[in-house]
Amino acid sequence: VTLPSGEHYEWQQAHPADDLLSDDWSQAAETMSALAHPVRLLLLREILHGARTTAELAAHERLGTTGQLYHHLRQLVAAGWLRTTARGRYGVPGERVVPLLVVLAATRR
């Protein structure tokens with residue numbers, strides 16, 4: 001996957017179906033619920049397109065107030081969909097880029 005920001009990721013992971021079927025799926029609820037908000041999905045999309053700082057994200061009219069923005073960023077960081085640096089830059093961890101796109105692809109009808 002090559003992102004609009006120029007970053008390139010190659011990813012391969014295997015999970016035996018029996019393992020997935022026998023897992024406790026409730027453990028995935030928090031991570032998946034972090035994606036279940038339109039503003040959070042927009043944040044992830046904007047970050048994958050290259051917006052990295054809080055100021056860049058706050059400039060987007062559909063991301064709400066600064067307080068709302070920080071709330072959604074905290075939710076995504078807590079669920080592991082985002083990482084932050086000391087300089088207030090956000091990024092989707094490399095190991096989460098392809099899985100995020102797979103989850104989005106799975107929602108298409």
# chains A, B, ... in the order shown; residues from 1 in each chain; ligands from 1
>>> residues_around(residues="Gly80 (chain A)", least_positions_apart="5", cutoff="12 Å", atoms="only C-alpha atoms", output="list in words")
Ala28, Glu30, Thr31, Met32, Ser33, Ala34, Leu35, Leu44, Leu73, Arg74, Gln75, Tyr90, Gly91, Val92, Pro93, Gly94, Glu95, Arg96, Val97, Pro99 and Leu100 of chain A
>>> write_last_selection(atoms="C-alpha atoms", output="compact mmCIF listing (two decimals), in the first residue's frame")
# COMPACT_ATOMS: atom_id res chain seq x y z
CA ALA A 28 -12.08 -6.78 19.91
CA GLU A 30 -13.12 -1.59 22.17
CA THR A 31 -10.72 -1.50 19.23
CA MET A 32 -13.53 -1.84 16.71
CA SER A 33 -15.83 0.62 18.49
CA ALA A 34 -13.16 3.29 18.17
CA LEU A 35 -13.77 3.09 14.42
CA LEU A 44 -7.87 8.50 10.20
CA LEU A 73 -7.80 11.56 18.99
CA ARG A 74 -7.57 10.11 22.53
CA GLN A 75 -10.05 7.38 21.63
CA TYR A 90 -0.19 11.80 14.82
CA GLY A 91 0.25 8.78 12.61
CA VAL A 92 -1.38 5.45 11.95
CA PRO A 93 1.10 2.79 13.11
CA GLY A 94 2.52 0.91 10.14
CA GLU A 95 1.17 -2.40 11.40
CA ARG A 96 -2.35 -0.91 11.46
CA VAL A 97 -2.49 0.66 7.99
CA PRO A 99 -5.74 -3.89 8.67
CA LEU A 100 -7.59 -0.56 8.78
>>> residues_around(residues="region 39-41 of chain A", least_positions_apart="2", cutoff="12 Å", atoms="only C-alpha atoms", output="PyMOL selection string")
chain A and resi 32-37+43-48+57-58+60-65+68-77+79+81-82+92+100-101+103-104
>>> select_by_dssp(residues="chain A", states="strand (DSSP E or B)", output="MDAnalysis selection string")
chainID A and resid 2 8 53 83:84 89:91
>>> select_by_dssp(residues="chain A", states="helix (DSSP H, G or I)", output="MDAnalysis selection string")
chainID A and resid 17:22 25:33 38:48 54:58 61:63 66:78 94:106
>>> residues_around(residues="region 49-53 of chain A", least_positions_apart="5", cutoff="7 Å", atoms="only C-alpha atoms", output="list of chain:residue names")
A:Leu3, A:Pro4, A:Ser5, A:Gly88, A:Arg89, A:Tyr90, A:Gly91
>>> atom_distance(atom1="CA of Tyr9 (chain A)", atom2="CA of Val98 (chain A)")
7.8 Å
